[in-house]
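**Student:** Supplied in structure tokens, the structure appears directly below.
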Amino acid sequence: MKNELIIAAYAEGAACPPNLASNLSAIKSAGWTNLMVSLFQVSVSGDISINGMNLISKGKYIGDTAWPNQLTELKSGGTIKTLLATFGGWDSAFANIQEIYNANNTFEGTQLEQNCKVFRATFPMFDLI
């Protein structure tokens, strides 16, 4: 079995629109094998955003149209093998998710469920969310 150094990097602003385009080459050649794109936020209505930019609202992707392809490009021709997406952290995302669940006693049929389906369809390059 080959020993391989596994390095993970936490990328917030550098991997987000509009910054990823100018950082793409440097990230691909940095030697990282795993990249965590963060922090996706969830609003009380179930909308999904990142760094204050709305991405998915009312079941539609409304973010930077080039960004999904740029994220896919990260795993092509560089050292990145695994791309991860993280939700919440410093903001109210977890409280908002809990509020949506408590109001419905489920996620089924909520705007958050619909937006999560759109998230997965828009960002299939994420290996883990």
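Ordering of the structure tokens sets the chain letters (A, B, ...), residue numbers begin anew at 1 in every chain, and ligands are numbered from 1 in the order given.
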Determine, counting only C-alpha atoms, which protein, DNA and RNA residues have an atom within 12 Å of an atom of A:Ser25; residues of the same chain fewer than 4 positions away are not included. Present the result as a ChimeraX atom specification.
**Tutor:** /A:14-15,19-21,29-31,70-71,73-80
**Student:** For A:Gly59, please output as a VMD selection string all residues within 8 Å (counting only C-alpha atoms; exclusion window: fewer than 2 positions along the same chain).
**Tutor:** chain A and resid 56 to 57 61 111 114 to 115 118
**Student:** Please provide the set of residues having any atom within 12 Å of A:Met36, restricted to only C-alpha atoms, with same-chain residues fewer than 2 positions apart removed, written as an MDAnalysis selection string.
**Tutor:** chainID A and resid 7:16 27 32:34 38:40 71 74 80:87 125:129
**Student:** Where in chain A does DSSP assign strand (DSSP E), given as a list of chain:residue names?
**Tutor:**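 Taking chain A and keeping strand (DSSP E) gives A:Ala8, A:Ala9, A:Tyr10, A:Ala11, A:Asn34, A:Leu35, A:Met36, A:Val37, A:Ser38, A:Leu39, A:Phe40, A:Gln41, A:Val42, A:Ile48, A:Ser49, A:Ile50, A:Met53, A:Asn54, A:Leu55, A:Ile56, A:Ser57, A:Lys60, A:Tyr61, A:Thr82, A:Leu83, A:Leu84, A:Ala85, A:Thr86, A:Phe87.
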**Student:** Looking at A:Ile6, A:Ile62, A:Gln41, A:Trp67, which one is nearest to A:Pro18, with distances taken over only C-alpha atoms?
**Tutor:** A:Trp67
**Student:** For the structure I just gave you, how does DSSP split chain A - specifically, which residues are alpha helix (DSSP H)? Reply as a PyMOL selection string.
**Tutor:** chain A and resi 20-28+67-74+93-104+111-122
**Student:** Would you mind reading off the distance between atom CA of A:Tyr101 and atom CA of A:Arg120, one decimal, in Å?
**Tutor:**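 Between these atoms lies a distance of 19.6 Å.
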**Student:** What is the distance, in Å and to one decimal place, between atom CA of A:Phe107 and atom CA of A:Gly46?
**Tutor:**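 The value is 10.2 Å.
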**Student:** If you measure from atom CA of A:Ser43 to atom CA of A:Ile97, what distance in Å do you get, rounded to one decimal?
**Tutor:**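 Between atom CA of A:Ser43 and atom CA of A:Ile97 the gap is 7.9 Å.
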**Student:** Identify which of the residues A:Ser22, A:Ser45, A:Thr72, A:Thr122 lies closest to A:Gln98, counting only C-alpha atoms when measuring atom-to-atom distances.
**Tutor:**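 Distance minimum relative to A:Gln98 lands on A:Ser45.
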